[in-house]
Every structure is written in C-alpha cells, then in structure tokens.
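What follows is the content of query36.pdb (PDB, C-alpha atoms).
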ATOM      1  CA  MET M   1      15.609   3.244  19.699
ATOM      2  CA  SER M   2      12.441   1.579  18.386
ATOM      3  CA  GLU M   3      12.658  -1.790  16.651
ATOM      4  CA  TYR M   4      10.334  -0.445  13.948
ATOM      5  CA  LEU M   5      11.336   1.504  10.871
ATOM      6  CA  LEU M   6       7.822   2.947  10.523
ATOM      7  CA  GLU M   7       5.071   3.370  13.104
ATOM      8  CA  VAL M   8       1.651   4.747  12.195
ATOM      9  CA  ASN M   9      -0.398   5.466  15.312
ATOM     10  CA  ASN M  10      -4.116   6.383  15.261
ATOM     11  CA  LEU M  11      -3.658   8.370  12.033
ATOM     12  CA  LYS M  12      -6.581  10.514  10.898
ATOM     13  CA  THR M  13      -6.648  12.161   7.468
ATOM     14  CA  TRP M  14      -9.941  13.904   6.749
ATOM     15  CA  PHE M  15     -11.197  15.858   3.737
ATOM     16  CA  TYR M  16     -13.502  18.842   4.215
ATOM     17  CA  THR M  17     -15.767  19.180   1.167
ATOM     18  CA  PHE M  18     -18.902  21.168   0.404
ATOM     19  CA  ARG M  19     -20.950  17.986   0.945
ATOM     20  CA  GLY M  20     -19.417  17.225   4.329
ATOM     21  CA  VAL M  21     -16.393  15.625   5.975
ATOM     22  CA  VAL M  22     -14.856  12.516   4.436
ATOM     23  CA  LYS M  23     -12.930  10.557   7.044
ATOM     24  CA  ALA M  24     -10.711   8.844   4.484
ATOM     25  CA  VAL M  25      -8.273   7.582   7.128
ATOM     26  CA  ASP M  26      -9.821   7.387  10.577
ATOM     27  CA  GLY M  27      -7.649   6.005  13.369
ATOM     28  CA  VAL M  28      -5.301   3.763  11.372
ATOM     29  CA  SER M  29      -2.420   2.077  13.229
ATOM     30  CA  PHE M  30       0.292  -0.343  12.112
ATOM     31  CA  SER M  31       4.058  -0.813  12.270
ATOM     32  CA  LEU M  32       6.779  -2.047   9.927
ATOM     33  CA  LYS M  33      10.247  -3.378  10.636
ATOM     34  CA  LYS M  34      13.318  -3.013   8.462
ATOM     35  CA  GLY M  35      13.168  -5.427   5.527
ATOM     36  CA  GLU M  36       9.503  -6.363   6.054
ATOM     37  CA  VAL M  37       6.774  -6.369   3.404
ATOM     38  CA  LEU M  38       3.386  -5.084   4.547
ATOM     39  CA  GLY M  39       0.256  -5.504   2.459
ATOM     40  CA  ILE M  40      -2.617  -3.018   2.849
ATOM     41  CA  VAL M  41      -5.798  -4.514   1.394
ATOM     42  CA  GLY M  42      -9.355  -3.347   0.847
ATOM     43  CA  GLU M  43     -11.988  -2.351  -1.685
ATOM     44  CA  SER M  44     -11.790   0.902  -3.637
ATOM     45  CA  GLY M  45     -12.423   3.880  -1.376
ATOM     46  CA  CYS M  46     -11.355   2.159   1.840
ATOM     47  CA  GLY M  47      -8.534   4.668   2.444
ATOM     48  CA  LYS M  48      -5.517   2.505   1.647
ATOM     49  CA  SER M  49      -4.024   4.860  -0.961
ATOM     50  CA  ILE M  50      -4.640   7.919   1.232
ATOM     51  CA  THR M  51      -2.751   6.107   3.992
ATOM     52  CA  GLY M  52       0.242   5.809   1.645
ATOM     53  CA  PHE M  53       0.027   9.451   0.596
ATOM     54  CA  SER M  54      -0.274  10.483   4.254
ATOM     55  CA  ILE M  55       3.027   8.802   5.116
ATOM     56  CA  LEU M  56       4.718  11.071   2.558
ATOM     57  CA  LYS M  57       2.577  14.077   3.559
ATOM     58  CA  LEU M  58       1.216  14.327   0.035
ATOM     59  CA  ILE M  59      -2.131  15.605   1.285
ATOM     60  CA  ASP M  60      -3.368  18.920  -0.087
ATOM     61  CA  PRO M  61      -6.449  20.967   0.875
ATOM     62  CA  PRO M  62      -9.274  20.187   1.413
ATOM     63  CA  GLY M  63      -7.482  17.287   3.114
ATOM     64  CA  GLN M  64      -5.724  17.689   6.438
ATOM     65  CA  PHE M  65      -4.333  15.655   9.304
ATOM     66  CA  GLU M  66      -6.739  15.538  12.220
ATOM     67  CA  GLY M  67      -4.707  13.472  14.650
ATOM     68  CA  GLY M  68      -2.333  10.602  15.243
ATOM     69  CA  GLY M  69       1.321  10.284  14.347
ATOM     70  CA  ILE M  70       3.723   8.863  11.778
ATOM     71  CA  THR M  71       7.178   7.970  13.073
ATOM     72  CA  PHE M  72       9.899   7.063  10.580
ATOM     73  CA  GLU M  73      13.378   6.130  11.830
ATOM     74  CA  GLY M  74      12.388   7.566  15.201
ATOM     75  CA  GLU M  75      11.337  10.955  13.788
ATOM     76  CA  ASP M  76       7.838  12.428  13.603
ATOM     77  CA  LEU M  77       7.054  13.014   9.925
ATOM     78  CA  LEU M  78       3.960  15.114  10.647
ATOM     79  CA  ALA M  79       6.149  17.635  12.513
ATOM     80  CA  LYS M  80       8.506  18.096   9.554
ATOM     81  CA  SER M  81       8.407  21.073   7.211
ATOM     82  CA  GLU M  82       7.806  20.759   3.474
ATOM     83  CA  GLU M  83      11.521  21.358   2.855
ATOM     84  CA  GLU M  84      12.445  18.529   5.226
ATOM     85  CA  MET M  85       9.912  16.212   3.576
ATOM     86  CA  HIS M  86      11.319  17.087   0.160
ATOM     87  CA  ALA M  87      14.646  15.625   1.285
ATOM     88  CA  ILE M  88      12.903  12.419   2.419
ATOM     89  CA  ARG M  89      10.593  11.838  -0.554
ATOM     90  CA  GLY M  90      12.320   9.903  -3.316
ATOM     91  CA  ASN M  91      15.349   9.475  -1.092
ATOM     92  CA  LYS M  92      14.574   7.603   2.124
ATOM     93  CA  ILE M  93      10.969   6.881   1.148
ATOM     94  CA  SER M  94      10.014   6.230  -2.484
ATOM     95  CA  MET M  95       6.618   5.659  -4.049
ATOM     96  CA  VAL M  96       5.511   3.564  -7.010
ATOM     97  CA  PHE M  97       2.273   5.039  -8.367
ATOM     98  CA  GLN M  98      -0.627   3.247 -10.065
ATOM     99  CA  ASP M  99      -0.362   4.499 -13.640
ATOM    100  CA  PRO M 100       3.157   4.423 -15.111
ATOM    101  CA  MET M 101       2.143   6.505 -18.141
ATOM    102  CA  THR M 102       1.092   9.495 -16.058
ATOM    103  CA  SER M 103       3.998   9.026 -13.625
ATOM    104  CA  LEU M 104       6.608   9.492 -16.372
ATOM    105  CA  ASN M 105       7.169  12.757 -18.229
ATOM    106  CA  PRO M 106       6.637  12.136 -21.973
ATOM    107  CA  LEU M 107       9.062  14.958 -22.884
ATOM    108  CA  TYR M 108      12.135  13.395 -21.255
ATOM    109  CA  THR M 109      13.974  10.173 -21.934
ATOM    110  CA  ILE M 110      13.912   7.282 -19.501
ATOM    111  CA  GLY M 111      17.552   7.931 -18.651
ATOM    112  CA  GLN M 112      16.981  11.608 -17.900
ATOM    113  CA  GLN M 113      14.168  10.777 -15.487
ATOM    114  CA  ILE M 114      16.184   8.193 -13.568
ATOM    115  CA  GLU M 115      19.226  10.481 -13.443
ATOM    116  CA  GLU M 116      17.117  13.374 -12.148
ATOM    117  CA  SER M 117      16.441  11.531  -8.901
ATOM    118  CA  LEU M 118      20.134  10.714  -8.531
ATOM    119  CA  ALA M 119      21.137  14.327  -9.225
ATOM    120  CA  ILE M 120      18.792  15.620  -6.499
ATOM    121  CA  HIS M 121      19.534  13.093  -3.760
ATOM    122  CA  GLN M 122      23.020  11.779  -4.548
ATOM    123  CA  THR M 123      24.927  14.930  -5.383
ATOM    124  CA  GLN M 124      28.293  13.193  -4.965
ATOM    125  CA  LEU M 125      27.759  11.336  -8.243
ATOM    126  CA  GLY M 126      29.072  12.872 -11.465
ATOM    127  CA  LYS M 127      27.241  12.832 -14.792
ATOM    128  CA  LYS M 128      28.972   9.651 -16.040
ATOM    129  CA  GLU M 129      28.362   7.895 -12.719
ATOM    130  CA  ARG M 130      24.679   8.791 -12.815
ATOM    131  CA  ARG M 131      24.420   7.453 -16.356
ATOM    132  CA  ALA M 132      26.150   4.220 -15.416
ATOM    133  CA  LYS M 133      23.884   3.722 -12.398
ATOM    134  CA  ALA M 134      20.770   4.412 -14.481
ATOM    135  CA  ILE M 135      21.814   1.680 -16.926
ATOM    136  CA  GLU M 136      22.524  -0.655 -14.013
ATOM    137  CA  LEU M 137      19.053   0.000 -12.580
ATOM    138  CA  LEU M 138      17.334  -0.679 -15.919
ATOM    139  CA  LYS M 139      19.224  -3.953 -16.147
ATOM    140  CA  ALA M 140      18.234  -4.828 -12.565
ATOM    141  CA  VAL M 141      14.515  -4.417 -13.302
ATOM    142  CA  GLY M 142      14.751  -6.542 -16.440
ATOM    143  CA  ILE M 143      14.777  -3.990 -19.277
ATOM    144  CA  PRO M 144      16.491  -5.622 -22.290
ATOM    145  CA  ALA M 145      19.399  -3.775 -23.943
ATOM    146  CA  PRO M 146      19.481  -1.050 -21.249
ATOM    147  CA  GLN M 147      22.388   0.811 -22.914
ATOM    148  CA  GLU M 148      20.151   1.505 -25.915
ATOM    149  CA  ARG M 149      16.757   1.788 -24.193
ATOM    150  CA  ILE M 150      17.989   4.411 -21.727
ATOM    151  CA  SER M 151      17.666   6.974 -24.541
ATOM    152  CA  SER M 152      14.065   5.954 -25.302
ATOM    153  CA  TYR M 153      10.967   7.944 -24.389
ATOM    154  CA  PRO M 154       8.096   6.554 -22.270
ATOM    155  CA  HIS M 155       5.751   6.101 -25.263
ATOM    156  CA  GLU M 156       8.287   3.705 -26.784
ATOM    157  CA  PHE M 157       7.875   1.303 -23.840
ATOM    158  CA  SER M 158       5.028  -1.121 -23.106
ATOM    159  CA  GLY M 159       2.965  -0.743 -19.928
ATOM    160  CA  GLY M 160       4.941  -3.439 -18.152
ATOM    161  CA  MET M 161       8.263  -1.894 -19.130
ATOM    162  CA  ARG M 162       7.126   1.559 -18.006
ATOM    163  CA  GLN M 163       6.186   0.138 -14.629
ATOM    164  CA  ARG M 164       9.651  -1.446 -14.387
ATOM    165  CA  VAL M 165      11.138   1.991 -15.073
ATOM    166  CA  ILE M 166       9.067   3.453 -12.217
ATOM    167  CA  ILE M 167      10.435   0.722  -9.950
ATOM    168  CA  ALA M 168      13.974   1.547 -11.125
ATOM    169  CA  ILE M 169      13.420   5.229 -10.227
ATOM    170  CA  SER M 170      12.065   4.271  -6.803
ATOM    171  CA  LEU M 171      15.148   2.122  -6.130
ATOM    172  CA  ALA M 172      17.676   4.625  -7.477
ATOM    173  CA  THR M 173      18.545   6.183  -4.118
ATOM    174  CA  ASN M 174      18.514   2.914  -2.122
ATOM    175  CA  PRO M 175      15.505   3.980  -0.014
ATOM    176  CA  GLU M 176      14.668   2.556   3.387
ATOM    177  CA  LEU M 177      10.988   2.247   2.435
ATOM    178  CA  ILE M 178       9.051   1.857  -0.815
ATOM    179  CA  ILE M 179       5.296   2.456  -0.976
ATOM    180  CA  ALA M 180       3.806   0.672  -4.002
ATOM    181  CA  ASP M 181       0.258   1.890  -4.681
ATOM    182  CA  GLU M 182      -1.557  -0.659  -6.871
ATOM    183  CA  PRO M 183       1.624  -1.116  -8.941
ATOM    184  CA  THR M 184       0.108  -3.649 -11.366
ATOM    185  CA  THR M 185      -3.429  -2.296 -11.866
ATOM    186  CA  ALA M 186      -2.977  -1.352 -15.537
ATOM    187  CA  LEU M 187      -1.097  -4.535 -16.494
ATOM    188  CA  ASP M 188      -2.269  -7.928 -17.718
ATOM    189  CA  VAL M 189      -2.034 -10.910 -15.386
ATOM    190  CA  THR M 190       1.187 -12.376 -16.811
ATOM    191  CA  VAL M 191       3.027  -9.054 -16.685
ATOM    192  CA  GLN M 192       1.660  -8.392 -13.176
ATOM    193  CA  ALA M 193       3.366 -11.525 -11.881
ATOM    194  CA  GLN M 194       6.660 -10.605 -13.565
ATOM    195  CA  VAL M 195       6.672  -7.041 -12.216
ATOM    196  CA  ILE M 196       5.780  -8.057  -8.651
ATOM    197  CA  ARG M 197       8.361 -10.853  -8.666
ATOM    198  CA  ARG M 198      11.072  -8.463  -9.828
ATOM    199  CA  LEU M 199      10.066  -5.815  -7.277
ATOM    200  CA  LEU M 200      10.182  -8.338  -4.426
ATOM    201  CA  GLU M 201      13.551  -9.709  -5.549
ATOM    202  CA  LEU M 202      15.071  -6.222  -5.531
ATOM    203  CA  VAL M 203      13.452  -5.257  -2.227
ATOM    204  CA  ARG M 204      14.702  -8.425  -0.534
ATOM    205  CA  SER M 205      18.211  -8.074  -1.954
ATOM    206  CA  GLN M 206      18.508  -4.480  -0.651
ATOM    207  CA  ASN M 207      16.800  -5.249   2.690
ATOM    208  CA  THR M 208      14.337  -2.474   1.886
ATOM    209  CA  SER M 209      10.910  -2.323   3.543
ATOM    210  CA  LEU M 210       7.866  -2.352   1.261
ATOM    211  CA  ILE M 211       4.247  -1.316   1.708
ATOM    212  CA  LEU M 212       2.181  -2.987  -1.023
ATOM    213  CA  ILE M 213      -1.216  -1.293  -1.423
ATOM    214  CA  THR M 214      -3.709  -3.400  -3.377
ATOM    215  CA  HIS M 215      -7.263  -4.755  -3.559
ATOM    216  CA  ASP M 216      -5.830  -8.206  -4.338
ATOM    217  CA  LEU M 217      -5.648 -10.309  -1.171
ATOM    218  CA  ALA M 218      -4.287 -13.259  -3.162
ATOM    219  CA  LEU M 219      -1.328 -11.139  -4.265
ATOM    220  CA  VAL M 220      -0.343  -9.975  -0.780
ATOM    221  CA  SER M 221      -0.775 -13.486   0.612
ATOM    222  CA  GLU M 222       2.129 -14.526  -1.623
ATOM    223  CA  ALA M 223       4.254 -11.401  -1.244
ATOM    224  CA  ALA M 224       3.780  -9.909   2.236
ATOM    225  CA  ASP M 225       4.969 -10.721   5.748
ATOM    226  CA  LYS M 226       2.074  -8.856   7.398
ATOM    227  CA  ILE M 227      -1.359  -7.742   6.210
ATOM    228  CA  VAL M 228      -3.590  -4.820   7.162
ATOM    229  CA  VAL M 229      -7.230  -5.070   6.036
ATOM    230  CA  MET M 230      -9.065  -1.730   5.729
ATOM    231  CA  TYR M 231     -12.732  -0.853   5.365
ATOM    232  CA  CYS M 232     -14.266   2.651   5.264
ATOM    233  CA  GLY M 233     -11.087   4.350   6.479
ATOM    234  CA  LYS M 234     -10.486   1.975   9.378
ATOM    235  CA  VAL M 235      -8.314  -1.052  10.035
ATOM    236  CA  VAL M 236     -10.662  -3.983  10.629
ATOM    237  CA  GLU M 237      -7.959  -6.634  10.955
ATOM    238  CA  ARG M 238      -4.164  -6.854  11.022
ATOM    239  CA  GLY M 239      -1.642  -9.600  11.592
ATOM    240  CA  THR M 240       0.835 -11.900   9.916
ATOM    241  CA  VAL M 241       0.009 -13.548   6.596
ATOM    242  CA  THR M 242      -0.619 -16.803   8.470
ATOM    243  CA  ASP M 243      -3.020 -15.033  10.853
ATOM    244  CA  ILE M 244      -5.033 -13.389   8.102
ATOM    245  CA  ILE M 245      -5.090 -16.194   5.530
ATOM    246  CA  GLU M 246      -5.416 -19.236   7.782
ATOM    247  CA  SER M 247      -7.316 -17.757  10.747
ATOM    248  CA  PRO M 248      -9.313 -14.719   9.537
ATOM    249  CA  ALA M 249     -11.279 -13.168  12.400
ATOM    250  CA  HIS M 250     -13.295 -10.387  10.725
ATOM    251  CA  PRO M 251     -16.303 -11.202   8.518
ATOM    252  CA  TYR M 252     -15.042  -8.741   5.897
ATOM    253  CA  THR M 253     -11.676 -10.520   5.672
ATOM    254  CA  VAL M 254     -13.483 -13.855   5.349
ATOM    255  CA  GLY M 255     -15.600 -12.382   2.553
ATOM    256  CA  LEU M 256     -12.515 -11.201   0.669
ATOM    257  CA  LEU M 257     -10.903 -14.629   0.986
ATOM    258  CA  ARG M 258     -14.010 -16.469  -0.190
ATOM    259  CA  SER M 259     -14.223 -14.269  -3.276
ATOM    260  CA  ILE M 260     -10.827 -15.499  -4.523
ATOM    261  CA  PRO M 261     -11.098 -18.204  -7.232
ATOM    262  CA  ARG M 262      -9.400 -21.504  -6.437
ATOM    263  CA  LEU M 263      -8.490 -24.106  -9.046
ATOM    264  CA  THR M 264      -9.197 -26.945  -6.608
ATOM    265  CA  ASP M 265     -12.787 -25.862  -5.912
ATOM    266  CA  GLU M 266     -15.718 -27.199  -7.931
ATOM    267  CA  GLN M 267     -18.120 -24.389  -7.047
ATOM    268  CA  SER M 268     -19.990 -22.939 -10.013
ATOM    269  CA  ARG M 269     -19.938 -19.349  -8.707
ATOM    270  CA  LEU M 270     -17.692 -17.347  -6.439
ATOM    271  CA  GLU M 271     -19.121 -16.053  -3.183
ATOM    272  CA  GLN M 272     -19.621 -12.323  -2.962
ATOM    273  CA  ILE M 273     -19.965  -9.885  -0.114
ATOM    274  CA  PRO M 274     -23.594  -8.684  -0.143
ATOM    275  CA  GLY M 275     -24.441  -5.011  -0.475
ATOM    276  CA  MET M 276     -22.244  -2.062  -1.360
ATOM    277  CA  VAL M 277     -19.583   0.008   0.381
ATOM    278  CA  PRO M 278     -21.463   2.892   2.064
ATOM    279  CA  SER M 279     -21.008   6.457   0.909
ATOM    280  CA  PRO M 280     -18.263   8.273   2.838
ATOM    281  CA  PHE M 281     -20.784  11.102   3.353
ATOM    282  CA  ASP M 282     -23.331   8.788   4.966
ATOM    283  CA  LEU M 283     -21.538   6.168   7.018
ATOM    284  CA  PRO M 284     -23.708   3.987   9.256
ATOM    285  CA  PRO M 285     -23.413   4.238  13.045
ATOM    286  CA  GLY M 286     -21.610   1.500  14.946
ATOM    287  CA  CYS M 287     -19.595  -0.964  12.901
ATOM    288  CA  LYS M 288     -19.256   0.319   9.330
ATOM    289  CA  PHE M 289     -19.475  -3.238   7.966
ATOM    290  CA  ALA M 290     -22.672  -4.073   9.880
ATOM    291  CA  PRO M 291     -25.111  -3.507   6.941
ATOM    292  CA  ARG M 292     -23.247  -6.165   4.914
ATOM    293  CA  CYS M 293     -22.383  -8.605   7.714
ATOM    294  CA  ARG M 294     -24.155 -11.960   8.023
ATOM    295  CA  TYR M 295     -23.263 -12.107  11.734
ATOM    296  CA  CYS M 296     -24.520  -8.612  12.579
ATOM    297  CA  GLN M 297     -26.352  -8.110  15.897
ATOM    298  CA  ASP M 298     -27.958  -5.082  17.533
ATOM    299  CA  ILE M 299     -24.783  -3.932  19.287
ATOM    300  CA  CYS M 300     -22.976  -3.870  15.933
ATOM    301  CA  ARG M 301     -25.422  -1.265  14.625
ATOM    302  CA  ARG M 302     -25.098   0.873  17.751
ATOM    303  CA  GLU M 303     -21.483   0.760  18.903
ATOM    304  CA  GLU M 304     -18.217   0.894  17.030
ATOM    305  CA  PRO M 305     -16.094  -2.123  18.003
ATOM    306  CA  GLU M 306     -12.800  -1.775  19.839
ATOM    307  CA  GLU M 307      -9.759  -3.623  18.556
ATOM    308  CA  ALA M 308      -9.504  -7.068  20.193
ATOM    309  CA  VAL M 309      -6.382  -9.218  20.510
ATOM    310  CA  MET M 310      -6.768 -12.674  18.971
ATOM    311  CA  THR M 311      -3.147 -13.799  19.334
ATOM    312  CA  GLU M 312       0.142 -11.920  19.681
ATOM    313  CA  GLY M 313       0.267  -9.540  16.724
ATOM    314  CA  HIS M 314      -3.194 -10.507  15.442
ATOM    315  CA  ARG M 315      -5.870  -7.884  16.120
ATOM    316  CA  VAL M 316      -9.423  -7.460  14.887
ATOM    317  CA  ALA M 317     -12.038  -4.702  15.277
ATOM    318  CA  CYS M 318     -15.207  -6.781  15.672
ATOM    319  CA  HIS M 319     -17.773  -7.357  18.437
ATOM    320  CA  PHE M 320     -18.013 -11.035  17.486
ATOM    321  CA  PRO M 321     -14.668 -12.100  15.992
ATOM    322  CA  LEU M 322     -14.579 -15.346  14.049
ATOM    323  CA  LYS M 323     -12.319 -18.343  14.392
ATOM    324  CA  GLY M 324     -11.113 -19.847  11.157
ATOM    325  CA  GLY M 325     -13.898 -18.073   9.282
ATOM    326  CA  LEU M 326     -16.629 -19.329  11.649
ATOM    327  CA  ALA M 327     -18.534 -17.389  14.294
ATOM    328  CA  CYS M 328     -17.185 -17.735  17.837
ATOM    329  CA  ASP M 329     -19.494 -19.244  20.472
TER     330      ASP M 329
END
How would this structure read if it were set down as structure tokens?
Amino acid sequence: MSEYLLEVNNLKTWFYTFRGVVKAVDGVSFSLKKGEVLGIVGESGCGKSITGFSILKLIDPPGQFEGGGITFEGEDLLAKSEEEMHAIRGNKISMVFQDPMTSLNPLYTIGQQIEESLAIHQTQLGKKERRAKAIELLKAVGIPAPQERISSYPHEFSGGMRQRVIIAISLATNPELIIADEPTTALDVTVQAQVIRRLLELVRSQNTSLILITHDLALVSEAADKIVVMYCGKVVERGTVTDIIESPAHPYTVGLLRSIPRLTDEQSRLEQIPGMVPSPFDLPPGCKFAPRCRYCQDICRREEPEEAVMTEGHRVACHFPLKGGLACD
C-alpha cells in the first residue's frame, strides 16, 4: 500500500468555451501523507482552486478531465461514479469554501446545518447524539456559548464566526482530508490569524491531512509542511517549506517571496513581479512565466521546461533554476 494518502499525477482539467480551451489545470502532480499540511500557492487564475475542486470531482461542463489521475487511499477517484463520490464528499474528504456567507443556508440554523452532515454520513448517531456533537464542534472551533448559539441563524454571526462554523461542519465526520480554499479571504487580518490557528490545532489533534489553497505565501510558510507553487495551470516549484522559503529555485517563487513585507527591512517600496498574468486564451509558447522573468533567455520562449530535481523532494520547472534566489552559473 502507498505511503501517501493522496497522489495527484499529471492531472489535466480543461474548460471548453466558445472563445477556446482554458487549460486551468495542466499536468499538475503532488502527493500528501497522512497528517501533512500542503500549501498550494499562486496568483488568482493560476488553477489552484480548480485543483481542489478536481480532487472532489466538482467539475461541471464545460469543464472536463483530460488526463492524469487522483488516487486517494489507494483508490482512483476519477474512476468513481457520482454516487460513490457523494459518499466521499463531506465524509472522507471535506472542503472549506472561500465565502462563509454563501456556503451556509440562511434558512436553517447553525445546528441544523452541522447535524445534516452527521445525519448523512454517520447514520448510527441518534438525534440527541447529533445535537451533542454539534455543540461539541462549535465549542472546539471557539464559538462562545455554543449551547445557545447552535439555534442561531448565519446572519446572526460575524464573518469570522461563520467561517468557524464552516470549519466545524468540515470536521464533523472526522475526515481524512480537508481542502481549505482561501478560507480567510473575506476576514480581517486579526480574525484570519485566529481562524487559521484554530483550524491547524484541530487538524493536528485529529491527525487529519490539510490542503491549504491561498495566494498568501507568508501564511503557508507558517502553516504548511510542503508547498506547491502554481502559475498558469502548472506547478512551477514544489518542495518542503524549508526548500521553498530558504532555497527558492524558480524566479516566480522568488518574486512572490520578495513581495512579502518584512518588519526588519528598511526598503521604501516592496518589489513587484513585472507584467501581468497572461490570458488563459492566449498563453505564450515555451515557459509561461518567460514574459515576466528577468532571467529569460531564448530557449525559455521556445520550449516548455521539464521538471528538474534540485534536492530530494524539491523540484522546479525552469530551464535556469536559481540557487537561494540567485541565477545558477
């Protein structure tokens, strides 16, 4: 049996639109062990959220899988029927979505929505047991007075509290894997830190694996064990947190790191990555980052780079990988 809980191998999820084909996920590969936290990082439109949705097969037309595989607990998820996936979603694999207000039904109480997941996936629990567990989950995620607040409606909660409720729902069935898609986007900085800290505490205590999808490299550097950096639907670099933060090898990763403010620096302005992310309908040939790369050479514009091994577990898709943020000789 594989040592990995989840293996994504050369996954391709494309969308066929009237303007052309959007290769939202184009050859993405990574793996995740039991109890690990993986951060998937990149700018908006890089394909990180579609990667998360693909794992749960939440891809509707005009999107479709064009190749690759997703293996979870040794089973091929892409070969499973919708009925089989229904038994996995919210049970073995849960998802925390970006906007807690649209993720919760305004017509039902918080308690009803937590208990619904338990009623579907843990049929052995009676009504009183489901209620008791819902209260326990609200307490675990830091909701004050859970016995009273369980009868509240979503609009009676703040944004941070609603996101905690979403986390409680995702943890209700003791899943093997949680996919958190930009879980703190709509929250202020102080609440973001509280929510992420609570999520990590619960994940660690249950030995649950977590995929944290975000544009915030600083956040995953504190929370994750491994990092995958994506650009234009492709993985440009992957490795441990130490690999990515201390020895970045792709110019795009270096650019993301240099754009993070540091209290110890005296620079007047943050560095920025020049140019814009190309349109998915008009991607450049060769390396997709070439038009924005300060180290770009002719081969970069012509040929797409193969993934190179920097160290064990650290891989980068670049013709001229860097060392410590500097160009190799």
>> I'd like the interatomic distance between atom CA of M:Gln113 and atom CA of M:Gln206, to a tenth of an Å.
In response: 21.7 Å
Identify all residues satisfying the PyMOL selection byres ((chain M and resi 272) around 6) in the given file; provide them as a PDB file with C-alpha atoms, in the coordinates of the input.
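part-v4.pdb written:
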ATOM      1  CA  SER M 259     -14.223 -14.269  -3.276  1.00  0.00           C
ATOM      2  CA  GLU M 271     -19.121 -16.053  -3.183  1.00  0.00           C
ATOM      3  CA  ILE M 273     -19.965  -9.885  -0.114  1.00  0.00           C
TER       4      ILE M 273
END
Any chance you could work out the axis-aligned box around stretch 98-110 of chain M, listed atoms only, 6 Å on each side, giving centre and edge lengths in Å to one decimal, as JSON?
{"center_x": 6.7, "center_y": 9.1, "center_z": -16.5, "size_x": 26.6, "size_y": 23.7, "size_z": 24.8}
>> I want to know what sits within 10 Å of stretch 278-281 of chain M, based on all atoms listed in the file, with residues of the same chain fewer than 5 positions away left out; could you give that as an NGL selection string?
In response: :M and (17 or 19-24 or 45-46 or 232-233 or 288-289 or 291-292)
> Can you tell me how far atom CA of M:Thr109 sits from atom CA of M:Ser151, in Å to one decimal?
Replying inline: 5.5 Å
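Closest approach to M:Tyr231 among M:Gln297, M:Thr253, M:Ser103, M:Ser81 is made by M:Thr253 (distances from all atoms listed in the file).
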>> For M:Gly67, find every residue with an atom within 12 Å (counting all atoms listed in the file), except residues of its own chain fewer than 4 positions away, and show them as a PyMOL selection string.
In response: chain M and resi 8-14+23+25-29+54+78-79
Return stretch 289-304 of chain M, completed with N, CA and C atoms, as an mmCIF file, in the coordinates of the input.
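The new file rebuild_6.cif reads:
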data_model
loop_
_atom_site.group_PDB
_atom_site.id
_atom_site.type_symbol
_atom_site.label_atom_id
_atom_site.label_comp_id
_atom_site.auth_asym_id
_atom_site.auth_seq_id
_atom_site.Cartn_x
_atom_site.Cartn_y
_atom_site.Cartn_z
ATOM 1 N N PHE M 289 -19.207 -2.064 8.799
ATOM 2 C CA PHE M 289 -19.475 -3.238 7.966
ATOM 3 C C PHE M 289 -20.808 -3.897 8.325
ATOM 4 N N ALA M 290 -21.449 -3.435 9.382
ATOM 5 C CA ALA M 290 -22.672 -4.073 9.880
ATOM 6 C C ALA M 290 -23.752 -4.284 8.811
ATOM 7 N N PRO M 291 -24.043 -3.302 7.927
ATOM 8 C CA PRO M 291 -25.111 -3.507 6.941
ATOM 9 C C PRO M 291 -24.832 -4.665 5.965
ATOM 10 N N ARG M 292 -23.592 -5.096 5.857
ATOM 11 C CA ARG M 292 -23.247 -6.165 4.914
ATOM 12 C C ARG M 292 -22.868 -7.471 5.605
ATOM 13 N N CYS M 293 -22.919 -7.480 6.935
ATOM 14 C CA CYS M 293 -22.383 -8.605 7.714
ATOM 15 C C CYS M 293 -23.461 -9.637 8.036
ATOM 16 N N ARG M 294 -23.193 -10.888 7.753
ATOM 17 C CA ARG M 294 -24.155 -11.960 8.023
ATOM 18 C C ARG M 294 -24.271 -12.269 9.522
ATOM 19 N N TYR M 295 -23.259 -11.830 10.302
ATOM 20 C CA TYR M 295 -23.263 -12.107 11.734
ATOM 21 C C TYR M 295 -23.697 -10.896 12.560
ATOM 22 N N CYS M 296 -24.195 -9.874 11.901
ATOM 23 C CA CYS M 296 -24.520 -8.612 12.579
ATOM 24 C C CYS M 296 -25.593 -8.797 13.657
ATOM 25 N N GLN M 297 -25.379 -8.136 14.819
ATOM 26 C CA GLN M 297 -26.352 -8.110 15.897
ATOM 27 C C GLN M 297 -26.603 -6.652 16.284
ATOM 28 N N ASP M 298 -27.539 -6.451 17.209
ATOM 29 C CA ASP M 298 -27.958 -5.082 17.533
ATOM 30 C C ASP M 298 -26.799 -4.205 17.984
ATOM 31 N N ILE M 299 -25.894 -4.746 18.787
ATOM 32 C CA ILE M 299 -24.783 -3.932 19.287
ATOM 33 C C ILE M 299 -23.886 -3.455 18.147
ATOM 34 N N CYS M 300 -23.814 -4.235 17.087
ATOM 35 C CA CYS M 300 -22.976 -3.870 15.933
ATOM 36 C C CYS M 300 -23.501 -2.605 15.262
ATOM 37 N N ARG M 301 -24.810 -2.452 15.260
ATOM 38 C CA ARG M 301 -25.422 -1.265 14.625
ATOM 39 C C ARG M 301 -25.341 -0.026 15.511
ATOM 40 N N ARG M 302 -25.113 -0.249 16.814
ATOM 41 C CA ARG M 302 -25.098 0.873 17.751
ATOM 42 C C ARG M 302 -23.700 1.361 18.110
ATOM 43 N N GLU M 303 -22.787 0.419 18.356
ATOM 44 C CA GLU M 303 -21.483 0.760 18.903
ATOM 45 C C GLU M 303 -20.343 0.331 17.975
ATOM 46 N N GLU M 304 -19.392 1.225 17.826
ATOM 47 C CA GLU M 304 -18.217 0.894 17.030
ATOM 48 C C GLU M 304 -17.312 -0.054 17.824
#
